[in-house]
$ cat run-v9.cif   # mmCIF, C-alpha atoms, pLDDT in the B column; chains and numbers go by the auth columns
data_final
loop_
_atom_site.group_PDB
_atom_site.id
_atom_site.type_symbol
_atom_site.label_atom_id
_atom_site.label_comp_id
_atom_site.label_asym_id
_atom_site.label_seq_id
_atom_site.Cartn_x
_atom_site.Cartn_y
_atom_site.Cartn_z
_atom_site.B_iso_or_equiv
_atom_site.auth_seq_id
_atom_site.auth_asym_id
ATOM 1 C CA MET A 1 28.209 -15.357 -18.171 49.00 1 A
ATOM 2 C CA ALA A 2 26.350 -14.395 -14.989 50.00 2 A
ATOM 3 C CA LYS A 3 22.927 -15.860 -14.385 51.00 3 A
ATOM 4 C CA LYS A 4 20.129 -13.290 -14.691 49.00 4 A
ATOM 5 C CA GLN A 5 18.432 -12.704 -11.342 46.00 5 A
ATOM 6 C CA LYS A 6 14.668 -12.891 -11.038 51.00 6 A
ATOM 7 C CA ARG A 7 13.272 -9.494 -10.101 53.00 7 A
ATOM 8 C CA ASP A 8 10.906 -9.143 -7.194 60.00 8 A
ATOM 9 C CA PHE A 9 9.388 -6.000 -8.675 56.00 9 A
ATOM 10 C CA ASN A 10 8.919 -4.272 -12.014 57.00 10 A
ATOM 11 C CA PRO A 11 9.878 -0.598 -11.814 58.00 11 A
ATOM 12 C CA ALA A 12 8.432 0.034 -15.286 59.00 12 A
ATOM 13 C CA GLY A 13 4.902 0.062 -13.874 59.00 13 A
ATOM 14 C CA GLY A 14 4.159 -3.631 -13.918 72.00 14 A
ATOM 15 C CA GLY A 15 2.762 -5.646 -11.060 87.00 15 A
ATOM 16 C CA LYS A 16 -0.479 -6.864 -9.565 91.00 16 A
ATOM 17 C CA HIS A 17 -3.507 -4.645 -9.248 94.00 17 A
ATOM 18 C CA ILE A 18 -6.140 -6.392 -7.144 96.00 18 A
ATOM 19 C CA THR A 19 -9.657 -5.050 -6.748 97.00 19 A
ATOM 20 C CA ILE A 20 -11.850 -6.241 -3.894 98.00 20 A
ATOM 21 C CA ASP A 21 -15.603 -5.594 -3.778 98.00 21 A
ATOM 22 C CA ALA A 22 -17.222 -6.998 -0.636 98.00 22 A
ATOM 23 C CA TRP A 23 -20.828 -6.926 0.596 98.00 23 A
ATOM 24 C CA GLY A 24 -22.646 -7.929 3.747 98.00 24 A
ATOM 25 C CA ILE A 25 -20.303 -6.144 6.147 98.00 25 A
ATOM 26 C CA LYS A 26 -21.582 -4.779 9.441 97.00 26 A
ATOM 27 C CA ARG A 27 -22.189 -1.048 9.418 95.00 27 A
ATOM 28 C CA LYS A 28 -20.156 -0.491 12.609 95.00 28 A
ATOM 29 C CA LYS A 29 -17.109 -2.019 10.932 97.00 29 A
ATOM 30 C CA LEU A 30 -17.470 0.201 7.860 96.00 30 A
ATOM 31 C CA GLU A 31 -17.758 3.354 10.001 93.00 31 A
ATOM 32 C CA ASN A 32 -14.892 2.607 12.398 95.00 32 A
ATOM 33 C CA HIS A 33 -12.219 5.192 11.585 95.00 33 A
ATOM 34 C CA LYS A 34 -9.618 3.778 14.007 97.00 34 A
ATOM 35 C CA GLU A 35 -9.977 0.148 12.889 97.00 35 A
ATOM 36 C CA ILE A 36 -9.815 1.024 9.192 97.00 36 A
ATOM 37 C CA TYR A 37 -6.828 3.304 9.809 98.00 37 A
ATOM 38 C CA ASP A 38 -5.098 0.452 11.680 97.00 38 A
ATOM 39 C CA MET A 39 -5.897 -1.994 8.849 97.00 39 A
ATOM 40 C CA LEU A 40 -4.360 0.369 6.265 98.00 40 A
ATOM 41 C CA GLU A 41 -1.401 0.963 8.599 97.00 41 A
ATOM 42 C CA GLY A 42 -0.683 -2.755 9.086 97.00 42 A
ATOM 43 C CA LEU A 43 -1.526 -4.274 5.690 96.00 43 A
ATOM 44 C CA PRO A 44 1.652 -3.188 3.869 96.00 44 A
ATOM 45 C CA ALA A 45 3.922 -5.025 6.341 95.00 45 A
ATOM 46 C CA ARG A 46 1.731 -8.142 6.076 94.00 46 A
ATOM 47 C CA LEU A 47 2.276 -8.046 2.306 94.00 47 A
ATOM 48 C CA GLY A 48 6.017 -7.369 2.492 93.00 48 A
ATOM 49 C CA MET A 49 5.613 -3.771 1.318 94.00 49 A
ATOM 50 C CA ARG A 50 6.907 -0.499 2.763 95.00 50 A
ATOM 51 C CA LYS A 51 4.847 2.534 3.727 96.00 51 A
ATOM 52 C CA LEU A 52 5.777 5.777 2.017 97.00 52 A
ATOM 53 C CA THR A 53 3.155 7.748 3.974 97.00 53 A
ATOM 54 C CA GLU A 54 0.864 7.243 6.919 97.00 54 A
ATOM 55 C CA PRO A 55 -2.702 6.295 5.995 97.00 55 A
ATOM 56 C CA TYR A 56 -4.940 9.188 5.032 97.00 56 A
ATOM 57 C CA LEU A 57 -8.563 8.536 5.981 95.00 57 A
ATOM 58 C CA VAL A 58 -11.566 10.843 5.680 93.00 58 A
ATOM 59 C CA PHE A 59 -15.289 10.572 6.280 89.00 59 A
ATOM 60 C CA VAL A 60 -17.179 11.473 3.128 80.00 60 A
ATOM 61 C CA ASP A 61 -20.500 13.063 3.967 73.00 61 A
ATOM 62 C CA ASP A 62 -22.676 14.186 1.080 67.00 62 A
ATOM 63 C CA LYS A 63 -26.007 15.247 2.522 66.00 63 A
ATOM 64 C CA LYS A 64 -27.330 15.946 -0.993 64.00 64 A
ATOM 65 C CA SER A 65 -26.665 12.425 -2.258 63.00 65 A
ATOM 66 C CA GLU A 66 -29.538 10.262 -3.393 63.00 66 A
ATOM 67 C CA HIS A 67 -27.329 7.175 -2.900 59.00 67 A
ATOM 68 C CA GLY A 68 -27.137 7.205 0.889 58.00 68 A
ATOM 69 C CA ASP A 69 -24.077 7.814 2.977 66.00 69 A
ATOM 70 C CA TYR A 70 -20.604 7.316 1.609 76.00 70 A
ATOM 71 C CA GLY A 71 -18.643 6.362 4.717 90.00 71 A
ATOM 72 C CA LEU A 72 -14.853 6.427 4.859 94.00 72 A
ATOM 73 C CA SER A 73 -12.259 6.710 2.129 95.00 73 A
ATOM 74 C CA GLY A 74 -8.685 5.817 2.932 97.00 74 A
ATOM 75 C CA PHE A 75 -5.404 5.674 1.076 97.00 75 A
ATOM 76 C CA ILE A 76 -1.824 4.755 1.858 98.00 76 A
ATOM 77 C CA MET A 77 1.040 5.356 -0.515 98.00 77 A
ATOM 78 C CA LEU A 78 3.687 2.654 -0.673 96.00 78 A
ATOM 79 C CA TYR A 79 7.192 2.606 -2.089 93.00 79 A
ATOM 80 C CA GLU A 80 5.752 -0.184 -4.226 89.00 80 A
ATOM 81 C CA SER A 81 2.503 1.727 -5.111 92.00 81 A
ATOM 82 C CA HIS A 82 -0.707 2.057 -3.019 96.00 82 A
ATOM 83 C CA ILE A 83 -3.670 0.592 -1.139 98.00 83 A
ATOM 84 C CA SER A 84 -7.070 2.303 -1.138 98.00 84 A
ATOM 85 C CA CYS A 85 -10.345 1.642 0.641 97.00 85 A
ATOM 86 C CA HIS A 86 -13.844 3.126 0.253 96.00 86 A
ATOM 87 C CA THR A 87 -16.793 2.176 2.480 95.00 87 A
ATOM 88 C CA TRP A 88 -20.547 2.570 2.082 92.00 88 A
ATOM 89 C CA PRO A 89 -21.944 1.690 5.545 92.00 89 A
ATOM 90 C CA GLU A 90 -25.587 2.001 4.517 89.00 90 A
ATOM 91 C CA LEU A 91 -25.005 -0.612 1.809 92.00 91 A
ATOM 92 C CA GLY A 92 -22.733 -2.898 3.855 96.00 92 A
ATOM 93 C CA TYR A 93 -20.145 -2.541 1.088 97.00 93 A
ATOM 94 C CA VAL A 94 -16.419 -1.834 0.728 97.00 94 A
ATOM 95 C CA SER A 95 -14.255 -1.466 -2.345 97.00 95 A
ATOM 96 C CA MET A 96 -10.480 -1.769 -2.115 98.00 96 A
ATOM 97 C CA ASP A 97 -7.508 -1.631 -4.460 97.00 97 A
ATOM 98 C CA VAL A 98 -4.144 -3.176 -3.693 97.00 98 A
ATOM 99 C CA TYR A 99 -1.569 -2.348 -6.334 94.00 99 A
ATOM 100 C CA SER A 100 2.127 -3.127 -6.201 92.00 100 A
ATOM 101 C CA CYS A 101 5.015 -3.410 -8.615 88.00 101 A
ATOM 102 C CA LYS A 102 6.483 -5.836 -6.049 88.00 102 A
ATOM 103 C CA ASN A 103 5.139 -9.372 -6.079 89.00 103 A
ATOM 104 C CA PHE A 104 3.006 -10.299 -3.056 91.00 104 A
ATOM 105 C CA ASP A 105 0.899 -13.215 -1.862 93.00 105 A
ATOM 106 C CA ASP A 106 -2.578 -12.292 -3.070 92.00 106 A
ATOM 107 C CA LYS A 107 -4.122 -15.413 -1.483 93.00 107 A
ATOM 108 C CA ALA A 108 -2.779 -14.454 1.969 94.00 108 A
ATOM 109 C CA MET A 109 -4.031 -10.899 1.391 95.00 109 A
ATOM 110 C CA ALA A 110 -7.512 -12.164 0.478 95.00 110 A
ATOM 111 C CA SER A 111 -7.590 -14.435 3.542 95.00 111 A
ATOM 112 C CA HIS A 112 -6.560 -11.576 5.838 96.00 112 A
ATOM 113 C CA LEU A 113 -9.198 -9.222 4.381 97.00 113 A
ATOM 114 C CA LYS A 114 -11.896 -11.927 4.709 97.00 114 A
ATOM 115 C CA LYS A 115 -11.124 -12.171 8.432 97.00 115 A
ATOM 116 C CA TYR A 116 -10.906 -8.406 8.805 97.00 116 A
ATOM 117 C CA TRP A 117 -14.127 -7.407 6.982 98.00 117 A
ATOM 118 C CA ASP A 118 -16.136 -10.593 7.739 97.00 118 A
ATOM 119 C CA TYR A 119 -18.087 -10.118 4.514 98.00 119 A
ATOM 120 C CA LYS A 120 -20.874 -12.327 3.160 98.00 120 A
ATOM 121 C CA LYS A 121 -20.043 -11.947 -0.544 98.00 121 A
ATOM 122 C CA VAL A 122 -16.894 -10.883 -2.393 98.00 122 A
ATOM 123 C CA LYS A 123 -15.622 -10.303 -5.890 98.00 123 A
ATOM 124 C CA ILE A 124 -11.838 -10.224 -6.249 97.00 124 A
ATOM 125 C CA GLN A 125 -10.198 -9.440 -9.561 97.00 125 A
ATOM 126 C CA MET A 126 -6.540 -9.286 -10.517 94.00 126 A
ATOM 127 C CA LEU A 127 -5.090 -7.264 -13.325 91.00 127 A
ATOM 128 C CA LEU A 128 -1.463 -7.824 -14.250 89.00 128 A
ATOM 129 C CA ARG A 129 0.011 -4.429 -15.093 84.00 129 A
ATOM 130 C CA GLY A 130 2.859 -3.539 -17.408 78.00 130 A
#
$ encode --input "run-v9.cif" --output "structure tokens"
Amino acid sequence: MAKKQKRDFNPAGGGKHITIDAWGIKRKKLENHKEIYDMLEGLPARLGMRKLTEPYLVFVDDKKSEHGDYGLSGFIMLYESHISCHTWPELGYVSMDVYSCKNFDDKAMASHLKKYWDYKKVKIQMLLRG
């Protein structure tokens, strides 16, 4: 009888869903369209994932908001799922999701994002899906 191979991904919707909430980030970093685009462009390869689309990044400007400016929202679809990013420059805050049905090194991801955002405080949570 053949030995069952360990799967690197769960096509039935399982996988890691990591949420990152980080504060104390410089406003210029949170407003930099090119740098955030490049981060979303490069992160999948760092995590061993494959891009399904190019990053989509928009500036969200709601002049009627009582909560200040909203900054940039970005998203990249992956063959393995997605990565999203939302910045609030006025608050020095970013929220990100990294979700993949393919296993990836979440500690290396967290280390890379710490260097990239240079935040003062972070809350990282992992939900195992499926």
$ atom_distance --input "run-v9.cif" --atom1 "atom CA of A:Cys101" --atom2 "atom CA of A:Val58"
26.1 Å
$ residues_around --input "run-v9.cif" --residues "stretch 23-40 of chain A" --least-positions-apart "4" --cutoff "12 Å" --atoms "all atoms listed in the file" --output "ChimeraX atom specification"
/A:44-47,49-51,53-61,69-78,82-98,109,112-124
$ atom_distance --input "run-v9.cif" --atom1 "atom CA of A:Asp21" --atom2 "atom CA of A:Leu52"
24.9 Å
$ residues_around --input "run-v9.cif" --residues "A:Gly48" --least-positions-apart "5" --cutoff "12 Å" --atoms "only C-alpha atoms" --output "PyMOL selection string"
chain A and resi 8-9+42-43+78-80+100-106+108-109
$ atom_distance --input "run-v9.cif" --atom1 "atom CA of A:His17" --atom2 "atom CA of A:Leu128"
6.3 Å
$ closest_residue --input "run-v9.cif" --among "A:Ile20, A:Glu41, A:Ser81, A:Tyr99" --to "A:Ser111" --atoms "all atoms listed in the file"
A:Ile20
$ decode --input "run-v9.cif" --residues "stretch 51-95 of chain A" --atoms "N, CA and C atoms" --output "PDB file, in the first residue's frame"
ATOM      1  N   LYS A  51       0.935  34.773  -7.539  1.00  0.00           N
ATOM      2  CA  LYS A  51      -0.028  35.835  -7.827  1.00  0.00           C
ATOM      3  C   LYS A  51      -1.000  35.382  -8.910  1.00  0.00           C
ATOM      4  N   LEU A  52      -2.267  35.628  -8.671  1.00  0.00           N
ATOM      5  CA  LEU A  52      -3.295  35.395  -9.681  1.00  0.00           C
ATOM      6  C   LEU A  52      -3.599  36.697 -10.419  1.00  0.00           C
ATOM      7  N   THR A  53      -3.439  37.826  -9.715  1.00  0.00           N
ATOM      8  CA  THR A  53      -3.635  39.149 -10.301  1.00  0.00           C
ATOM      9  C   THR A  53      -2.505  40.056  -9.848  1.00  0.00           C
ATOM     10  N   GLU A  54      -2.412  41.204 -10.476  1.00  0.00           N
ATOM     11  CA  GLU A  54      -1.541  42.262  -9.980  1.00  0.00           C
ATOM     12  C   GLU A  54      -2.237  42.897  -8.774  1.00  0.00           C
ATOM     13  N   PRO A  55      -1.487  43.561  -7.905  1.00  0.00           N
ATOM     14  CA  PRO A  55      -2.146  44.245  -6.790  1.00  0.00           C
ATOM     15  C   PRO A  55      -3.100  45.323  -7.289  1.00  0.00           C
ATOM     16  N   TYR A  56      -4.188  45.478  -6.596  1.00  0.00           N
ATOM     17  CA  TYR A  56      -5.151  46.540  -6.867  1.00  0.00           C
ATOM     18  C   TYR A  56      -5.122  47.439  -5.637  1.00  0.00           C
ATOM     19  N   LEU A  57      -4.813  48.717  -5.830  1.00  0.00           N
ATOM     20  CA  LEU A  57      -4.613  49.628  -4.714  1.00  0.00           C
ATOM     21  C   LEU A  57      -5.311  50.942  -5.009  1.00  0.00           C
ATOM     22  N   VAL A  58      -6.132  51.400  -4.081  1.00  0.00           N
ATOM     23  CA  VAL A  58      -6.870  52.650  -4.262  1.00  0.00           C
ATOM     24  C   VAL A  58      -6.734  53.512  -3.015  1.00  0.00           C
ATOM     25  N   PHE A  59      -6.798  54.829  -3.236  1.00  0.00           N
ATOM     26  CA  PHE A  59      -6.857  55.773  -2.132  1.00  0.00           C
ATOM     27  C   PHE A  59      -8.316  55.987  -1.793  1.00  0.00           C
ATOM     28  N   VAL A  60      -8.662  55.794  -0.553  1.00  0.00           N
ATOM     29  CA  VAL A  60     -10.043  55.970  -0.101  1.00  0.00           C
ATOM     30  C   VAL A  60     -10.134  57.327   0.567  1.00  0.00           C
ATOM     31  N   ASP A  61     -10.909  58.209  -0.036  1.00  0.00           N
ATOM     32  CA  ASP A  61     -11.045  59.566   0.471  1.00  0.00           C
ATOM     33  C   ASP A  61     -12.517  59.832   0.750  1.00  0.00           C
ATOM     34  N   ASP A  62     -12.853  59.938   2.017  1.00  0.00           N
ATOM     35  CA  ASP A  62     -14.236  60.201   2.407  1.00  0.00           C
ATOM     36  C   ASP A  62     -14.267  61.523   3.167  1.00  0.00           C
ATOM     37  N   LYS A  63     -14.484  62.585   2.443  1.00  0.00           N
ATOM     38  CA  LYS A  63     -14.450  63.923   3.044  1.00  0.00           C
ATOM     39  C   LYS A  63     -15.535  64.107   4.110  1.00  0.00           C
ATOM     40  N   LYS A  64     -16.575  63.293   4.076  1.00  0.00           N
ATOM     41  CA  LYS A  64     -17.670  63.419   5.035  1.00  0.00           C
ATOM     42  C   LYS A  64     -17.441  62.607   6.308  1.00  0.00           C
ATOM     43  N   SER A  65     -16.338  61.875   6.369  1.00  0.00           N
ATOM     44  CA  SER A  65     -16.105  60.996   7.509  1.00  0.00           C
ATOM     45  C   SER A  65     -15.759  61.772   8.770  1.00  0.00           C
ATOM     46  N   GLU A  66     -16.282  61.318   9.867  1.00  0.00           N
ATOM     47  CA  GLU A  66     -15.932  61.894  11.168  1.00  0.00           C
ATOM     48  C   GLU A  66     -14.734  61.172  11.777  1.00  0.00           C
ATOM     49  N   HIS A  67     -14.231  60.135  11.085  1.00  0.00           N
ATOM     50  CA  HIS A  67     -13.140  59.312  11.608  1.00  0.00           C
ATOM     51  C   HIS A  67     -11.791  59.650  11.001  1.00  0.00           C
ATOM     52  N   GLY A  68     -11.667  60.754  10.311  1.00  0.00           N
ATOM     53  CA  GLY A  68     -10.396  61.102   9.694  1.00  0.00           C
ATOM     54  C   GLY A  68     -10.236  60.452   8.342  1.00  0.00           C
ATOM     55  N   ASP A  69      -9.027  60.539   7.816  1.00  0.00           N
ATOM     56  CA  ASP A  69      -8.804  59.987   6.482  1.00  0.00           C
ATOM     57  C   ASP A  69      -8.676  58.461   6.542  1.00  0.00           C
ATOM     58  N   TYR A  70      -8.919  57.849   5.413  1.00  0.00           N
ATOM     59  CA  TYR A  70      -8.894  56.393   5.360  1.00  0.00           C
ATOM     60  C   TYR A  70      -7.663  55.820   4.681  1.00  0.00           C
ATOM     61  N   GLY A  71      -6.924  56.594   3.931  1.00  0.00           N
ATOM     62  CA  GLY A  71      -5.692  56.099   3.341  1.00  0.00           C
ATOM     63  C   GLY A  71      -5.882  55.179   2.166  1.00  0.00           C
ATOM     64  N   LEU A  72      -5.054  54.143   2.092  1.00  0.00           N
ATOM     65  CA  LEU A  72      -5.020  53.227   0.955  1.00  0.00           C
ATOM     66  C   LEU A  72      -5.612  51.876   1.320  1.00  0.00           C
ATOM     67  N   SER A  73      -6.295  51.289   0.369  1.00  0.00           N
ATOM     68  CA  SER A  73      -6.761  49.908   0.496  1.00  0.00           C
ATOM     69  C   SER A  73      -6.207  49.137  -0.686  1.00  0.00           C
ATOM     70  N   GLY A  74      -5.603  48.002  -0.406  1.00  0.00           N
ATOM     71  CA  GLY A  74      -5.002  47.199  -1.449  1.00  0.00           C
ATOM     72  C   GLY A  74      -5.356  45.737  -1.294  1.00  0.00           C
ATOM     73  N   PHE A  75      -5.320  45.038  -2.425  1.00  0.00           N
ATOM     74  CA  PHE A  75      -5.714  43.634  -2.457  1.00  0.00           C
ATOM     75  C   PHE A  75      -4.963  42.941  -3.578  1.00  0.00           C
ATOM     76  N   ILE A  76      -4.526  41.721  -3.323  1.00  0.00           N
ATOM     77  CA  ILE A  76      -3.951  40.901  -4.380  1.00  0.00           C
ATOM     78  C   ILE A  76      -4.534  39.502  -4.251  1.00  0.00           C
ATOM     79  N   MET A  77      -5.071  39.023  -5.353  1.00  0.00           N
ATOM     80  CA  MET A  77      -5.605  37.664  -5.375  1.00  0.00           C
ATOM     81  C   MET A  77      -4.469  36.700  -5.674  1.00  0.00           C
ATOM     82  N   LEU A  78      -4.480  35.581  -4.976  1.00  0.00           N
ATOM     83  CA  LEU A  78      -3.471  34.546  -5.142  1.00  0.00           C
ATOM     84  C   LEU A  78      -4.135  33.263  -5.617  1.00  0.00           C
ATOM     85  N   TYR A  79      -3.371  32.390  -6.253  1.00  0.00           N
ATOM     86  CA  TYR A  79      -3.893  31.064  -6.551  1.00  0.00           C
ATOM     87  C   TYR A  79      -4.279  30.382  -5.243  1.00  0.00           C
ATOM     88  N   GLU A  80      -3.561  30.724  -4.176  1.00  0.00           N
ATOM     89  CA  GLU A  80      -3.790  30.106  -2.878  1.00  0.00           C
ATOM     90  C   GLU A  80      -4.787  30.889  -2.019  1.00  0.00           C
ATOM     91  N   SER A  81      -5.188  32.076  -2.379  1.00  0.00           N
ATOM     92  CA  SER A  81      -6.241  32.882  -1.748  1.00  0.00           C
ATOM     93  C   SER A  81      -5.990  34.369  -1.927  1.00  0.00           C
ATOM     94  N   HIS A  82      -5.620  35.125  -0.844  1.00  0.00           N
ATOM     95  CA  HIS A  82      -5.472  36.579  -1.015  1.00  0.00           C
ATOM     96  C   HIS A  82      -4.647  37.215   0.111  1.00  0.00           C
ATOM     97  N   ILE A  83      -4.230  38.460  -0.168  1.00  0.00           N
ATOM     98  CA  ILE A  83      -3.609  39.332   0.830  1.00  0.00           C
ATOM     99  C   ILE A  83      -4.292  40.684   0.690  1.00  0.00           C
ATOM    100  N   SER A  84      -4.697  41.273   1.815  1.00  0.00           N
ATOM    101  CA  SER A  84      -5.310  42.606   1.764  1.00  0.00           C
ATOM    102  C   SER A  84      -4.629  43.524   2.764  1.00  0.00           C
ATOM    103  N   CYS A  85      -4.777  44.822   2.517  1.00  0.00           N
ATOM    104  CA  CYS A  85      -4.112  45.840   3.325  1.00  0.00           C
ATOM    105  C   CYS A  85      -4.972  47.098   3.338  1.00  0.00           C
ATOM    106  N   HIS A  86      -5.180  47.678   4.512  1.00  0.00           N
ATOM    107  CA  HIS A  86      -5.957  48.912   4.648  1.00  0.00           C
ATOM    108  C   HIS A  86      -5.216  49.838   5.600  1.00  0.00           C
ATOM    109  N   THR A  87      -4.945  51.082   5.151  1.00  0.00           N
ATOM    110  CA  THR A  87      -4.189  52.016   5.989  1.00  0.00           C
ATOM    111  C   THR A  87      -5.062  53.183   6.439  1.00  0.00           C
ATOM    112  N   TRP A  88      -4.749  53.682   7.620  1.00  0.00           N
ATOM    113  CA  TRP A  88      -5.348  54.893   8.176  1.00  0.00           C
ATOM    114  C   TRP A  88      -4.186  55.794   8.596  1.00  0.00           C
ATOM    115  N   PRO A  89      -3.668  56.617   7.669  1.00  0.00           N
ATOM    116  CA  PRO A  89      -2.483  57.436   7.959  1.00  0.00           C
ATOM    117  C   PRO A  89      -2.645  58.355   9.163  1.00  0.00           C
ATOM    118  N   GLU A  90      -3.803  58.951   9.319  1.00  0.00           N
ATOM    119  CA  GLU A  90      -4.024  59.875  10.428  1.00  0.00           C
ATOM    120  C   GLU A  90      -3.889  59.174  11.784  1.00  0.00           C
ATOM    121  N   LEU A  91      -4.195  57.883  11.803  1.00  0.00           N
ATOM    122  CA  LEU A  91      -4.124  57.107  13.041  1.00  0.00           C
ATOM    123  C   LEU A  91      -2.823  56.325  13.186  1.00  0.00           C
ATOM    124  N   GLY A  92      -1.982  56.326  12.148  1.00  0.00           N
ATOM    125  CA  GLY A  92      -0.741  55.553  12.195  1.00  0.00           C
ATOM    126  C   GLY A  92      -0.994  54.059  12.234  1.00  0.00           C
ATOM    127  N   TYR A  93      -2.065  53.612  11.565  1.00  0.00           N
ATOM    128  CA  TYR A  93      -2.559  52.246  11.709  1.00  0.00           C
ATOM    129  C   TYR A  93      -2.707  51.546  10.359  1.00  0.00           C
ATOM    130  N   VAL A  94      -2.427  50.243  10.346  1.00  0.00           N
ATOM    131  CA  VAL A  94      -2.692  49.397   9.182  1.00  0.00           C
ATOM    132  C   VAL A  94      -3.344  48.104   9.661  1.00  0.00           C
ATOM    133  N   SER A  95      -4.278  47.620   8.852  1.00  0.00           N
ATOM    134  CA  SER A  95      -4.806  46.270   9.087  1.00  0.00           C
ATOM    135  C   SER A  95      -4.538  45.460   7.828  1.00  0.00           C
TER     136      SER A  95
END
